[in-house]
$ cat query_12.cif   # mmCIF, C-alpha atoms and all ligand atoms
data_final
#
loop_
_atom_site.group_PDB
_atom_site.id
_atom_site.type_symbol
_atom_site.label_atom_id
_atom_site.label_comp_id
_atom_site.auth_asym_id
_atom_site.auth_seq_id
_atom_site.Cartn_x
_atom_site.Cartn_y
_atom_site.Cartn_z
ATOM 1 C CA MET A 19 13.674 -3.934 -28.215
ATOM 2 C CA VAL A 20 10.320 -5.482 -27.374
ATOM 3 C CA GLY A 21 10.746 -8.577 -25.235
ATOM 4 C CA ALA A 22 14.144 -7.656 -23.757
ATOM 5 C CA GLU A 23 14.268 -9.266 -20.311
ATOM 6 C CA VAL A 24 15.001 -6.762 -17.540
ATOM 7 C CA ASP A 25 14.791 -6.812 -13.761
ATOM 8 C CA MET A 26 12.635 -4.165 -12.241
ATOM 9 C CA VAL A 27 13.763 -0.602 -12.956
ATOM 10 C CA ARG A 28 12.767 1.964 -10.332
ATOM 11 C CA ILE A 29 12.711 5.604 -11.344
ATOM 12 C CA ARG A 30 11.946 8.828 -9.480
ATOM 13 C CA ILE A 31 11.387 12.110 -11.286
ATOM 14 C CA HIS A 32 11.707 15.235 -9.137
ATOM 15 C CA GLY A 33 10.482 18.662 -10.133
ATOM 16 C CA ARG A 34 8.141 21.426 -9.094
ATOM 17 C CA GLY A 35 4.435 21.903 -9.435
ATOM 18 C CA GLY A 36 3.702 23.316 -12.907
ATOM 19 C CA GLN A 37 6.736 21.723 -14.558
ATOM 20 C CA GLY A 38 4.844 18.809 -16.062
ATOM 21 C CA ILE A 39 6.380 16.169 -13.803
ATOM 22 C CA LYS A 40 3.259 14.021 -13.863
ATOM 23 C CA THR A 41 3.231 14.186 -17.663
ATOM 24 C CA ALA A 42 6.945 13.456 -17.809
ATOM 25 C CA GLY A 43 6.372 10.343 -15.702
ATOM 26 C CA ARG A 44 3.568 9.237 -17.960
ATOM 27 C CA MET A 45 5.747 9.741 -21.039
ATOM 28 C CA LEU A 46 8.531 7.607 -19.657
ATOM 29 C CA GLY A 47 6.120 4.979 -18.373
ATOM 30 C CA SER A 48 4.232 4.849 -21.662
ATOM 31 C CA ALA A 49 7.468 4.465 -23.596
ATOM 32 C CA MET A 50 8.373 1.466 -21.430
ATOM 33 C CA PHE A 51 4.869 0.108 -21.894
ATOM 34 C CA LEU A 52 5.198 0.390 -25.659
ATOM 35 C CA GLU A 53 8.357 -1.684 -25.385
ATOM 36 C CA GLY A 54 6.330 -4.460 -23.797
ATOM 37 C CA PHE A 55 7.093 -3.974 -20.111
ATOM 38 C CA GLU A 56 4.791 -4.033 -17.144
ATOM 39 C CA VAL A 57 4.694 -0.452 -15.835
ATOM 40 C CA GLN A 58 3.581 1.422 -12.733
ATOM 41 C CA ASP A 59 3.419 5.203 -12.855
ATOM 42 C CA ALA A 60 2.264 7.334 -9.929
ATOM 43 C CA PRO A 61 2.929 10.996 -9.092
ATOM 44 C CA ARG A 62 2.881 12.390 -5.568
ATOM 45 C CA TYR A 63 1.994 16.032 -5.205
ATOM 46 C CA GLY A 64 2.266 16.874 -1.521
ATOM 47 C CA ALA A 65 1.193 20.505 -1.278
ATOM 48 C CA GLU A 66 -0.729 21.157 -4.489
ATOM 49 C CA ARG A 67 0.604 24.485 -5.539
ATOM 50 C CA ARG A 68 2.750 25.762 -8.297
ATOM 51 C CA GLY A 69 6.428 25.596 -7.411
ATOM 52 C CA ALA A 70 6.086 23.020 -4.618
ATOM 53 C CA PRO A 71 8.334 19.960 -4.947
ATOM 54 C CA ILE A 72 6.578 16.993 -6.510
ATOM 55 C CA VAL A 73 7.811 13.578 -7.474
ATOM 56 C CA ALA A 74 6.684 10.892 -9.897
ATOM 57 C CA PHE A 75 7.447 7.206 -9.377
ATOM 58 C CA ILE A 76 7.825 4.728 -12.230
ATOM 59 C CA ARG A 77 8.472 1.012 -12.026
ATOM 60 C CA ALA A 78 8.992 -1.151 -15.094
ATOM 61 C CA ASP A 79 9.667 -4.847 -15.223
ATOM 62 C CA SER A 80 9.506 -7.759 -17.629
ATOM 63 C CA ASN A 81 7.396 -9.557 -15.032
ATOM 64 C CA PRO A 82 4.273 -8.575 -13.114
ATOM 65 C CA ILE A 83 5.010 -5.863 -10.539
ATOM 66 C CA ASN A 84 3.849 -6.708 -7.043
ATOM 67 C CA GLU A 85 5.838 -3.966 -5.323
ATOM 68 C CA ARG A 86 3.830 -0.914 -4.304
ATOM 69 C CA GLY A 87 4.379 2.439 -2.648
ATOM 70 C CA LEU A 88 7.093 5.062 -2.762
ATOM 71 C CA ILE A 89 10.438 4.222 -4.330
ATOM 72 C CA ALA A 90 13.103 4.422 -1.634
ATOM 73 C CA ASP A 91 15.781 2.530 -3.561
ATOM 74 C CA PRO A 92 15.889 4.099 -7.049
ATOM 75 C CA ASP A 93 17.912 2.951 -10.048
ATOM 76 C CA LEU A 94 17.465 6.337 -11.695
ATOM 77 C CA VAL A 95 16.677 9.721 -10.171
ATOM 78 C CA VAL A 96 15.770 12.421 -12.668
ATOM 79 C CA VAL A 97 15.973 16.001 -11.399
ATOM 80 C CA VAL A 98 14.086 18.289 -13.756
ATOM 81 C CA ASP A 99 14.664 21.395 -11.614
ATOM 82 C CA ASP A 100 18.166 21.573 -10.202
ATOM 83 C CA THR A 101 17.179 24.102 -7.533
ATOM 84 C CA LEU A 102 15.708 21.100 -5.713
ATOM 85 C CA MET A 103 19.199 19.742 -5.136
ATOM 86 C CA GLY A 104 19.602 22.144 -2.232
ATOM 87 C CA GLU A 105 16.211 21.392 -0.702
ATOM 88 C CA PRO A 106 16.460 18.488 1.757
ATOM 89 C CA THR A 107 12.677 18.238 2.061
ATOM 90 C CA ALA A 108 12.430 17.415 -1.646
ATOM 91 C CA GLY A 109 14.179 14.105 -0.912
ATOM 92 C CA VAL A 110 16.091 14.071 -4.188
ATOM 93 C CA LEU A 111 19.078 12.242 -2.718
ATOM 94 C CA GLN A 112 17.035 9.824 -0.639
ATOM 95 C CA GLY A 113 18.045 6.194 -1.052
ATOM 96 C CA LEU A 114 20.757 6.801 -3.654
ATOM 97 C CA GLY A 115 23.218 3.916 -3.741
ATOM 98 C CA ARG A 116 26.115 2.809 -5.917
ATOM 99 C CA HIS A 117 23.634 1.435 -8.415
ATOM 100 C CA SER A 118 21.679 4.720 -8.661
ATOM 101 C CA VAL A 119 22.147 7.042 -11.611
ATOM 102 C CA LEU A 120 21.509 10.726 -10.864
ATOM 103 C CA LEU A 121 20.373 12.605 -13.983
ATOM 104 C CA ILE A 122 20.151 16.376 -13.525
ATOM 105 C CA ALA A 123 18.783 18.850 -16.055
ATOM 106 C CA GLY A 124 20.533 22.196 -16.075
ATOM 107 C CA GLY A 125 23.708 24.039 -16.806
ATOM 108 C CA THR A 126 25.860 22.999 -13.857
ATOM 109 C CA ASP A 127 28.612 20.557 -14.649
ATOM 110 C CA ALA A 128 28.384 16.986 -13.347
ATOM 111 C CA ALA A 129 31.745 17.367 -11.602
ATOM 112 C CA VAL A 130 30.362 20.278 -9.609
ATOM 113 C CA TRP A 131 27.356 18.252 -8.513
ATOM 114 C CA ARG A 132 29.630 15.392 -7.588
ATOM 115 C CA THR A 133 31.590 17.727 -5.339
ATOM 116 C CA ARG A 134 28.483 19.245 -3.803
ATOM 117 C CA VAL A 135 26.408 16.149 -3.055
ATOM 118 C CA ASN A 136 28.935 13.311 -3.329
ATOM 119 C CA PRO A 137 26.563 10.591 -4.539
ATOM 120 C CA ALA A 138 27.821 6.997 -4.605
ATOM 121 C CA GLY A 139 26.676 6.396 -8.193
ATOM 122 C CA PRO A 140 27.131 8.184 -11.517
ATOM 123 C CA VAL A 141 26.017 11.780 -12.079
ATOM 124 C CA ILE A 142 24.918 12.802 -15.570
ATOM 125 C CA VAL A 143 23.823 16.275 -16.648
ATOM 126 C CA VAL A 144 21.508 16.981 -19.552
ATOM 127 C CA PRO A 145 21.374 20.590 -20.754
ATOM 128 C CA ALA A 146 17.940 22.137 -20.299
ATOM 129 C CA GLY A 147 16.616 24.291 -23.118
ATOM 130 C CA HIS A 148 14.540 27.434 -22.728
ATOM 131 C CA ASP A 149 10.856 26.887 -22.156
ATOM 132 C CA GLY A 150 8.480 27.773 -24.951
ATOM 133 C CA GLY A 151 5.827 29.438 -22.801
ATOM 134 C CA PRO A 152 3.056 28.604 -20.365
ATOM 135 C CA GLU A 153 1.156 26.340 -22.779
ATOM 136 C CA THR A 154 4.152 24.154 -23.496
ATOM 137 C CA LEU A 155 5.913 21.469 -21.518
ATOM 138 C CA PRO A 156 9.115 22.709 -19.862
ATOM 139 C CA ARG A 157 12.091 21.884 -22.047
ATOM 140 C CA SER A 158 14.064 20.698 -19.021
ATOM 141 C CA GLY A 159 11.427 18.012 -18.466
ATOM 142 C CA LEU A 160 11.369 16.964 -22.091
ATOM 143 C CA ALA A 161 15.148 16.810 -22.303
ATOM 144 C CA SER A 162 15.208 14.778 -19.090
ATOM 145 C CA ILE A 163 12.735 12.273 -20.487
ATOM 146 C CA GLY A 164 14.754 11.854 -23.669
ATOM 147 C CA ALA A 165 17.986 11.374 -21.752
ATOM 148 C CA ALA A 166 16.421 9.051 -19.188
ATOM 149 C CA ALA A 167 14.966 6.853 -21.912
ATOM 150 C CA ARG A 168 18.389 6.287 -23.409
ATOM 151 C CA LEU A 169 20.054 5.692 -20.042
ATOM 152 C CA ILE A 170 17.475 3.016 -19.242
ATOM 153 C CA GLY A 171 18.551 1.379 -22.465
ATOM 154 C CA THR A 172 15.416 -0.562 -23.342
ATOM 155 C CA ILE A 173 13.407 2.234 -24.934
ATOM 156 C CA GLY A 174 13.657 2.694 -28.679
ATOM 157 C CA ARG A 175 13.545 6.093 -30.320
ATOM 158 C CA ALA A 176 10.227 5.339 -32.043
ATOM 159 C CA SER A 177 8.544 4.269 -28.795
ATOM 160 C CA LEU A 178 9.829 7.367 -27.044
ATOM 161 C CA GLU A 179 8.489 9.664 -29.752
ATOM 162 C CA GLU A 180 5.119 7.890 -29.830
ATOM 163 C CA ALA A 181 4.785 8.068 -26.034
ATOM 164 C CA VAL A 182 5.760 11.731 -25.869
ATOM 165 C CA ARG A 183 3.266 12.680 -28.583
ATOM 166 C CA ALA A 184 0.446 10.642 -27.056
ATOM 167 C CA GLU A 185 0.924 11.862 -23.496
ATOM 168 C CA ALA A 186 1.311 15.492 -24.558
ATOM 169 C CA THR A 187 -1.978 15.229 -26.434
ATOM 170 C CA ALA A 188 -3.653 13.552 -23.459
ATOM 171 C CA ALA A 189 -2.392 16.323 -21.175
ATOM 172 C CA GLY A 190 -3.740 18.982 -23.553
ATOM 173 C CA VAL A 191 -0.403 20.698 -24.073
ATOM 174 C CA THR A 192 1.137 21.913 -27.274
ATOM 175 C CA LEU A 193 4.119 19.949 -28.498
ATOM 176 C CA SER A 194 6.097 22.029 -30.940
ATOM 177 C CA PRO A 195 8.646 20.618 -33.403
ATOM 178 C CA ALA A 196 11.335 22.210 -31.229
ATOM 179 C CA ASP A 197 9.994 20.356 -28.180
ATOM 180 C CA LEU A 198 10.110 17.025 -29.936
ATOM 181 C CA HIS A 199 13.530 17.811 -31.282
ATOM 182 C CA GLY A 200 14.684 18.523 -27.711
ATOM 183 C CA VAL A 201 13.478 15.128 -26.523
ATOM 184 C CA LEU A 202 15.129 13.213 -29.326
ATOM 185 C CA ALA A 203 18.326 15.277 -29.232
ATOM 186 C CA ALA A 204 18.721 14.466 -25.539
ATOM 187 C CA TYR A 205 18.075 10.812 -26.348
ATOM 188 C CA ASP A 206 20.737 10.842 -29.023
ATOM 189 C CA ALA A 207 23.213 12.693 -26.823
ATOM 190 C CA MET A 208 23.188 9.858 -24.270
ATOM 191 C CA ALA A 209 24.184 7.169 -26.765
ATOM 192 C CA ASP A 210 27.487 6.486 -25.047
ATOM 193 C CA ARG A 211 25.712 5.945 -21.686
ATOM 194 C CA GLN A 212 22.946 3.737 -23.061
ATOM 195 C CA GLY A 213 21.781 1.105 -20.591
ATOM 196 C CA CYS A 214 23.795 2.392 -17.628
ATOM 197 C CA VAL A 215 20.678 2.338 -15.434
ATOM 198 C CA GLY A 216 20.281 -0.905 -13.558
ATOM 199 C CA GLY A 217 23.814 -2.006 -14.358
ATOM 200 C CA GLY A 218 25.316 -1.292 -10.957
ATOM 201 C CA GLU A 219 25.379 -3.575 -7.953
ATOM 202 C CA ARG A 220 22.526 -3.073 -5.548
ATOM 203 C CA HIS A 221 23.061 -3.045 -1.835
ATOM 204 C CA GLY A 222 20.796 -3.026 1.158
ATOM 205 C CA ARG A 223 17.889 -4.203 -0.943
ATOM 206 C CA VAL A 224 15.334 -6.546 0.519
ATOM 207 C CA ALA A 225 15.182 -9.708 -1.565
ATOM 208 C CA ARG A 226 11.912 -10.427 -3.285
ATOM 209 C CA PRO A 227 10.213 -13.173 -1.251
ATOM 210 C CA ASP A 228 9.195 -16.439 -2.823
ATOM 211 C CA TRP A 229 5.568 -17.473 -2.690
ATOM 212 C CA ILE A 230 4.888 -20.295 -0.300
ATOM 213 C CA ASP A 231 1.954 -22.655 -0.308
ATOM 214 C CA LEU A 232 -0.041 -22.912 2.871
ATOM 215 C CA ARG A 233 -1.729 -26.226 3.361
ATOM 216 C CA ALA A 234 -5.489 -25.851 3.386
ATOM 217 C CA ASP A 235 -7.280 -28.237 5.719
ATOM 218 C CA ASP A 236 -10.671 -29.586 4.929
ATOM 219 C CA VAL A 237 -13.227 -27.076 6.150
ATOM 220 C CA ASP A 238 -14.679 -29.538 8.662
ATOM 221 C CA HIS A 239 -11.297 -29.560 10.415
ATOM 222 C CA ALA A 240 -9.974 -26.074 9.771
ATOM 223 C CA ALA A 241 -13.011 -23.902 10.328
ATOM 224 C CA PRO A 242 -14.858 -23.308 13.564
ATOM 225 C CA ALA A 243 -17.609 -25.794 14.201
ATOM 226 C CA VAL A 244 -20.100 -23.373 12.693
ATOM 227 C CA HIS A 245 -19.551 -24.089 9.028
ATOM 228 C CA ARG A 246 -23.121 -24.231 7.904
ATOM 229 C CA PRO A 247 -25.840 -21.613 8.362
ATOM 230 C CA ALA A 248 -28.314 -21.916 11.230
ATOM 231 C CA THR A 249 -26.196 -24.316 13.256
ATOM 232 C CA SER A 250 -25.049 -22.035 16.087
ATOM 233 C CA VAL A 251 -27.473 -23.722 18.437
ATOM 234 C CA LEU A 252 -25.420 -26.893 17.990
ATOM 235 C CA VAL A 253 -22.239 -25.210 19.192
ATOM 236 C CA ARG A 254 -22.027 -25.440 22.955
ATOM 237 C CA THR A 255 -20.241 -22.176 23.672
ATOM 238 C CA GLY A 256 -21.127 -22.720 27.330
ATOM 239 C CA LEU A 257 -18.049 -24.937 27.529
ATOM 240 C CA TRP A 258 -15.881 -21.785 27.627
ATOM 241 C CA ARG A 259 -17.468 -20.596 30.887
ATOM 242 C CA THR A 260 -15.563 -20.340 34.193
ATOM 243 C CA MET A 261 -18.290 -18.449 36.112
ATOM 244 C CA ARG A 262 -22.004 -18.969 35.657
ATOM 245 C CA PRO A 263 -24.933 -16.637 36.350
ATOM 246 C CA VAL A 264 -27.459 -18.099 38.792
ATOM 247 C CA ILE A 265 -30.860 -16.430 39.098
ATOM 248 C CA ASP A 266 -32.553 -16.012 42.493
ATOM 249 C CA ARG A 267 -36.255 -16.185 41.730
ATOM 250 C CA ASP A 268 -37.161 -14.576 45.052
ATOM 251 C CA ARG A 269 -35.417 -11.386 44.029
ATOM 252 C CA CYS A 270 -36.371 -11.513 40.356
ATOM 253 C CA ARG A 271 -39.078 -9.145 39.137
ATOM 254 C CA ARG A 272 -39.412 -10.826 35.747
ATOM 255 C CA CYS A 273 -38.213 -7.772 33.853
ATOM 256 C CA VAL A 274 -36.636 -10.091 31.323
ATOM 257 C CA TRP A 275 -36.271 -7.347 28.745
ATOM 258 C CA VAL A 276 -33.350 -6.135 30.906
ATOM 259 C CA CYS A 277 -31.134 -9.183 31.376
ATOM 260 C CA GLY A 278 -32.401 -10.835 28.194
ATOM 261 C CA GLU A 279 -31.679 -7.736 26.142
ATOM 262 C CA PHE A 280 -28.127 -7.316 27.411
ATOM 263 C CA CYS A 281 -27.078 -10.947 26.992
ATOM 264 C CA PRO A 282 -24.815 -10.918 23.912
ATOM 265 C CA ASP A 283 -25.469 -14.602 23.262
ATOM 266 C CA ASN A 284 -29.226 -14.589 23.605
ATOM 267 C CA ALA A 285 -28.718 -17.198 26.310
ATOM 268 C CA ILE A 286 -31.480 -15.941 28.582
ATOM 269 C CA VAL A 287 -34.872 -17.326 27.701
ATOM 270 C CA VAL A 288 -38.267 -16.855 29.368
ATOM 271 C CA ASP A 289 -39.908 -19.806 31.045
ATOM 272 C CA ALA A 290 -43.621 -20.554 31.226
ATOM 273 C CA GLU A 291 -44.041 -18.416 34.344
ATOM 274 C CA GLY A 292 -42.304 -15.411 32.836
ATOM 275 C CA PHE A 293 -39.059 -15.862 34.771
ATOM 276 C CA PRO A 294 -35.665 -15.683 33.054
ATOM 277 C CA SER A 295 -33.851 -18.950 32.606
ATOM 278 C CA VAL A 296 -30.202 -19.267 31.558
ATOM 279 C CA ASP A 297 -29.395 -21.571 28.660
ATOM 280 C CA TYR A 298 -26.142 -22.944 30.084
ATOM 281 C CA ASP A 299 -25.290 -24.732 26.870
ATOM 282 C CA HIS A 300 -24.725 -21.324 25.287
ATOM 283 C CA CYS A 301 -24.042 -18.919 28.188
ATOM 284 C CA LYS A 302 -20.345 -17.979 27.946
ATOM 285 C CA GLY A 303 -20.218 -16.589 31.473
ATOM 286 C CA CYS A 304 -19.502 -12.984 30.540
ATOM 287 C CA LEU A 305 -21.629 -11.926 33.547
ATOM 288 C CA ILE A 306 -23.065 -8.886 31.807
ATOM 289 C CA CYS A 307 -26.458 -9.971 33.060
ATOM 290 C CA VAL A 308 -25.129 -9.928 36.624
ATOM 291 C CA ALA A 309 -24.048 -6.323 36.197
ATOM 292 C CA GLN A 310 -27.305 -5.244 34.562
ATOM 293 C CA CYS A 311 -29.887 -6.830 36.838
ATOM 294 C CA PRO A 312 -31.497 -3.941 38.781
ATOM 295 C CA THR A 313 -32.458 -6.136 41.762
ATOM 296 C CA HIS A 314 -29.188 -8.058 42.006
ATOM 297 C CA ALA A 315 -31.102 -11.229 41.413
ATOM 298 C CA ILE A 316 -28.286 -12.839 39.457
ATOM 299 C CA ARG A 317 -25.221 -14.174 41.287
ATOM 300 C CA ALA A 318 -21.920 -15.169 39.750
ATOM 301 C CA VAL A 319 -20.983 -18.651 40.848
ATOM 302 C CA PRO A 320 -17.679 -20.378 40.016
ATOM 303 C CA GLU A 321 -18.355 -23.083 37.480
ATOM 304 C CA HIS A 322 -16.610 -25.706 39.567
ATOM 305 C CA ASP A 323 -18.834 -24.940 42.579
ATOM 306 C CA ALA A 324 -21.957 -25.030 40.428
ATOM 307 C CA ALA A 325 -20.970 -28.339 38.883
ATOM 308 C CA THR A 326 -20.270 -29.819 42.332
ATOM 309 C CA ALA A 327 -23.623 -28.629 43.615
ATOM 310 C CA GLU A 328 -25.381 -30.063 40.555
ATOM 311 C CA ALA A 329 -23.697 -33.433 41.057
ATOM 312 C CA ALA A 330 -24.710 -33.511 44.730
ATOM 313 C CA SER A 331 -28.369 -32.723 44.057
HETATM 314 S S1 LIG B 1 -32.939 -8.354 35.080
HETATM 315 FE FE1 LIG B 1 -32.803 -9.370 37.048
HETATM 316 S S2 LIG B 1 -34.814 -9.009 37.939
HETATM 317 FE FE2 LIG B 1 -35.021 -8.601 35.786
HETATM 318 S S3 LIG B 1 -35.685 -10.555 34.916
HETATM 319 FE FE3 LIG B 1 -33.460 -10.519 34.780
HETATM 320 S S4 LIG B 1 -32.801 -11.557 36.603
HETATM 321 FE FE4 LIG B 1 -34.911 -10.994 36.945
HETATM 322 S S1 LIG B 2 -23.367 -14.544 31.746
HETATM 323 FE FE1 LIG B 2 -23.320 -13.477 29.763
HETATM 324 S S2 LIG B 2 -23.799 -15.044 28.302
HETATM 325 FE FE2 LIG B 2 -24.414 -15.866 30.290
HETATM 326 S S3 LIG B 2 -26.533 -15.344 30.471
HETATM 327 FE FE3 LIG B 2 -25.380 -13.714 31.436
HETATM 328 S S4 LIG B 2 -25.122 -12.171 29.828
HETATM 329 FE FE4 LIG B 2 -25.721 -14.088 28.823
#
$ encode --input "query_12.cif" --output "structure tokens" --more "lines below"
Ligand code: SF4
Ligand code: SF4
Amino acid sequence: MVGAEVDMVRIRIHGRGGQGIKTAGRMLGSAMFLEGFEVQDAPRYGAERRGAPIVAFIRADSNPINERGLIADPDLVVVVDDTLMGEPTAGVLQGLGRHSVLLIAGGTDAAVWRTRVNPAGPVIVVPAGHDGGPETLPRSGLASIGAAARLIGTIGRASLEEAVRAEATAAGVTLSPADLHGVLAAYDAMADRQGCVGGGERHGRVARPDWIDLRADDVDHAAPAVHRPATSVLVRTGLWRTMRPVIDRDRCRRCVWVCGEFCPDNAIVVDAEGFPSVDYDHCKGCLICVAQCPTHAIRAVPEHDAATAEAAS
């Protein structure tokens, strides 16, 4: 099955803390990976406590996966613990459309679930076996993984078995022959539904955008005028100014550390007599110096008036 071309498959696995949902997600994701697909696999815990609803998200695609985040538009929803079906906060039914397959582990018939929750897409039930004890993976999870793998249709039996063994070992849990048998039996039992995931028509899905090329101008045209280090002195930011600070030397006490310190553009320099002098080529006219001067020695003058006065002098 390696190399089979598929569109992205989006899967959510719902269960409860302590039911091995994270491991189940890894098993399914690894099986897809072994078949040559790009895979994303991410669990979300919410409240980290045993019994709290948790969900694992898996995306698989023949192409690189650029989509991120929660899966709101699933192709397959796997419910490992069917008591979650009655818990709205678990979000099991969120985003289910005609294309979405709902796979539920448990003993309740699919027709009953169809009556209770009325999903738009198919409902499939996989019987859940009895768990083997606290050191084992829950059989409902293992059966769900086996069934889900067959419903997806691109996972071979060998890849499934290899992924289940590897992820169980990585998780440090015991995988008994009965556990493995449960996975593969569920896989085999879904033969007549093989590949039903992803076969339905999607609706309400945002189309994947195409990449567009943005023209890149030459840096001399596209960037601000400062495109080399140590050239800010060449940029006459004073051209932005509408009001200019004018210093009254009679009021000035030459405490240049005040106005000079507050000027954000370092546009106040000290002349030979120790008085402040404004560098109008670089003063932007923010008038912070006007506000800070303790003797009110700096006036704010409209730029037009100052320019007129300069021209007349
Ligand atoms: S803060 Fe005012 S008084 Fe002090 S140096 Fe500047 S302009 Fe002169
Ligand atoms: S107006 Fe602003 S930029 Fe100009 S000298 Fe005063 S503090 Fe500096």
$ residues_near_ligand --input "query_12.cif" --ligand "ligand LIG 1 (chain B)" --cutoff "7 Å" --atoms "all atoms listed in the file" --output "PDB file with C-alpha atoms, keeping the file's coordinate frame"
ATOM      1  CA  ILE A 265     -30.860 -16.430  39.098  1.00  0.00           C
ATOM      2  CA  ARG A 269     -35.417 -11.386  44.029  1.00  0.00           C
ATOM      3  CA  CYS A 270     -36.371 -11.513  40.356  1.00  0.00           C
ATOM      4  CA  ARG A 271     -39.078  -9.145  39.137  1.00  0.00           C
ATOM      5  CA  ARG A 272     -39.412 -10.826  35.747  1.00  0.00           C
ATOM      6  CA  CYS A 273     -38.213  -7.772  33.853  1.00  0.00           C
ATOM      7  CA  VAL A 274     -36.636 -10.091  31.323  1.00  0.00           C
ATOM      8  CA  TRP A 275     -36.271  -7.347  28.745  1.00  0.00           C
ATOM      9  CA  VAL A 276     -33.350  -6.135  30.906  1.00  0.00           C
ATOM     10  CA  CYS A 277     -31.134  -9.183  31.376  1.00  0.00           C
ATOM     11  CA  GLY A 278     -32.401 -10.835  28.194  1.00  0.00           C
ATOM     12  CA  PHE A 293     -39.059 -15.862  34.771  1.00  0.00           C
ATOM     13  CA  PRO A 294     -35.665 -15.683  33.054  1.00  0.00           C
ATOM     14  CA  CYS A 307     -26.458  -9.971  33.060  1.00  0.00           C
ATOM     15  CA  GLN A 310     -27.305  -5.244  34.562  1.00  0.00           C
ATOM     16  CA  CYS A 311     -29.887  -6.830  36.838  1.00  0.00           C
ATOM     17  CA  PRO A 312     -31.497  -3.941  38.781  1.00  0.00           C
ATOM     18  CA  THR A 313     -32.458  -6.136  41.762  1.00  0.00           C
ATOM     19  CA  HIS A 314     -29.188  -8.058  42.006  1.00  0.00           C
ATOM     20  CA  ALA A 315     -31.102 -11.229  41.413  1.00  0.00           C
ATOM     21  CA  ILE A 316     -28.286 -12.839  39.457  1.00  0.00           C
TER      22      ILE A 316
END
$ axis_aligned_box --input "query_12.cif" --around "ligand LIG 2 (chain B)" --padding-each-side "5 Å" --output "lines of an AutoDock Vina configuration file"
center_x = -24.9
center_y = -14.0
center_z = 30.0
size_x = 13.2
size_y = 13.7
size_z = 13.4
$ resolve_selection --input "query_12.cif" --expression "the PyMOL selection byres (((not hetatm)) within 10 of (chain B and resi 2))" --output "mmCIF file with C-alpha atoms, keeping the file's coordinate frame"
data_model
loop_
_atom_site.group_PDB
_atom_site.id
_atom_site.type_symbol
_atom_site.label_atom_id
_atom_site.label_comp_id
_atom_site.auth_asym_id
_atom_site.auth_seq_id
_atom_site.Cartn_x
_atom_site.Cartn_y
_atom_site.Cartn_z
ATOM 1 C CA THR A 255 -20.241 -22.176 23.672
ATOM 2 C CA GLY A 256 -21.127 -22.720 27.330
ATOM 3 C CA ARG A 259 -17.468 -20.596 30.887
ATOM 4 C CA MET A 261 -18.290 -18.449 36.112
ATOM 5 C CA ARG A 262 -22.004 -18.969 35.657
ATOM 6 C CA PRO A 263 -24.933 -16.637 36.350
ATOM 7 C CA VAL A 264 -27.459 -18.099 38.792
ATOM 8 C CA ILE A 265 -30.860 -16.430 39.098
ATOM 9 C CA CYS A 277 -31.134 -9.183 31.376
ATOM 10 C CA GLY A 278 -32.401 -10.835 28.194
ATOM 11 C CA GLU A 279 -31.679 -7.736 26.142
ATOM 12 C CA PHE A 280 -28.127 -7.316 27.411
ATOM 13 C CA CYS A 281 -27.078 -10.947 26.992
ATOM 14 C CA PRO A 282 -24.815 -10.918 23.912
ATOM 15 C CA ASP A 283 -25.469 -14.602 23.262
ATOM 16 C CA ASN A 284 -29.226 -14.589 23.605
ATOM 17 C CA ALA A 285 -28.718 -17.198 26.310
ATOM 18 C CA ILE A 286 -31.480 -15.941 28.582
ATOM 19 C CA VAL A 287 -34.872 -17.326 27.701
ATOM 20 C CA PRO A 294 -35.665 -15.683 33.054
ATOM 21 C CA SER A 295 -33.851 -18.950 32.606
ATOM 22 C CA VAL A 296 -30.202 -19.267 31.558
ATOM 23 C CA ASP A 297 -29.395 -21.571 28.660
ATOM 24 C CA TYR A 298 -26.142 -22.944 30.084
ATOM 25 C CA ASP A 299 -25.290 -24.732 26.870
ATOM 26 C CA HIS A 300 -24.725 -21.324 25.287
ATOM 27 C CA CYS A 301 -24.042 -18.919 28.188
ATOM 28 C CA LYS A 302 -20.345 -17.979 27.946
ATOM 29 C CA GLY A 303 -20.218 -16.589 31.473
ATOM 30 C CA CYS A 304 -19.502 -12.984 30.540
ATOM 31 C CA LEU A 305 -21.629 -11.926 33.547
ATOM 32 C CA ILE A 306 -23.065 -8.886 31.807
ATOM 33 C CA CYS A 307 -26.458 -9.971 33.060
ATOM 34 C CA VAL A 308 -25.129 -9.928 36.624
ATOM 35 C CA ALA A 309 -24.048 -6.323 36.197
ATOM 36 C CA GLN A 310 -27.305 -5.244 34.562
ATOM 37 C CA CYS A 311 -29.887 -6.830 36.838
ATOM 38 C CA ILE A 316 -28.286 -12.839 39.457
ATOM 39 C CA ARG A 317 -25.221 -14.174 41.287
ATOM 40 C CA ALA A 318 -21.920 -15.169 39.750
#
$ residues_around --input "query_12.cif" --residues "Pro82 (chain A)" --least-positions-apart "4" --cutoff "12 Å" --atoms "only C-alpha atoms" --output "list in words"
Val24, Asp25, Met26, Gly54, Phe55, Glu56, Val57, Gln58, Arg77, Ala78 and Arg86 of chain A
$ write_last_selection --input "query_12.cif" --atoms "C-alpha atoms" --output "mmCIF file, in the frame of the given file"
data_model
loop_
_atom_site.group_PDB
_atom_site.id
_atom_site.type_symbol
_atom_site.label_atom_id
_atom_site.label_comp_id
_atom_site.auth_asym_id
_atom_site.auth_seq_id
_atom_site.Cartn_x
_atom_site.Cartn_y
_atom_site.Cartn_z
ATOM 1 C CA VAL A 24 15.001 -6.762 -17.540
ATOM 2 C CA ASP A 25 14.791 -6.812 -13.761
ATOM 3 C CA MET A 26 12.635 -4.165 -12.241
ATOM 4 C CA GLY A 54 6.330 -4.460 -23.797
ATOM 5 C CA PHE A 55 7.093 -3.974 -20.111
ATOM 6 C CA GLU A 56 4.791 -4.033 -17.144
ATOM 7 C CA VAL A 57 4.694 -0.452 -15.835
ATOM 8 C CA GLN A 58 3.581 1.422 -12.733
ATOM 9 C CA ARG A 77 8.472 1.012 -12.026
ATOM 10 C CA ALA A 78 8.992 -1.151 -15.094
ATOM 11 C CA ARG A 86 3.830 -0.914 -4.304
#
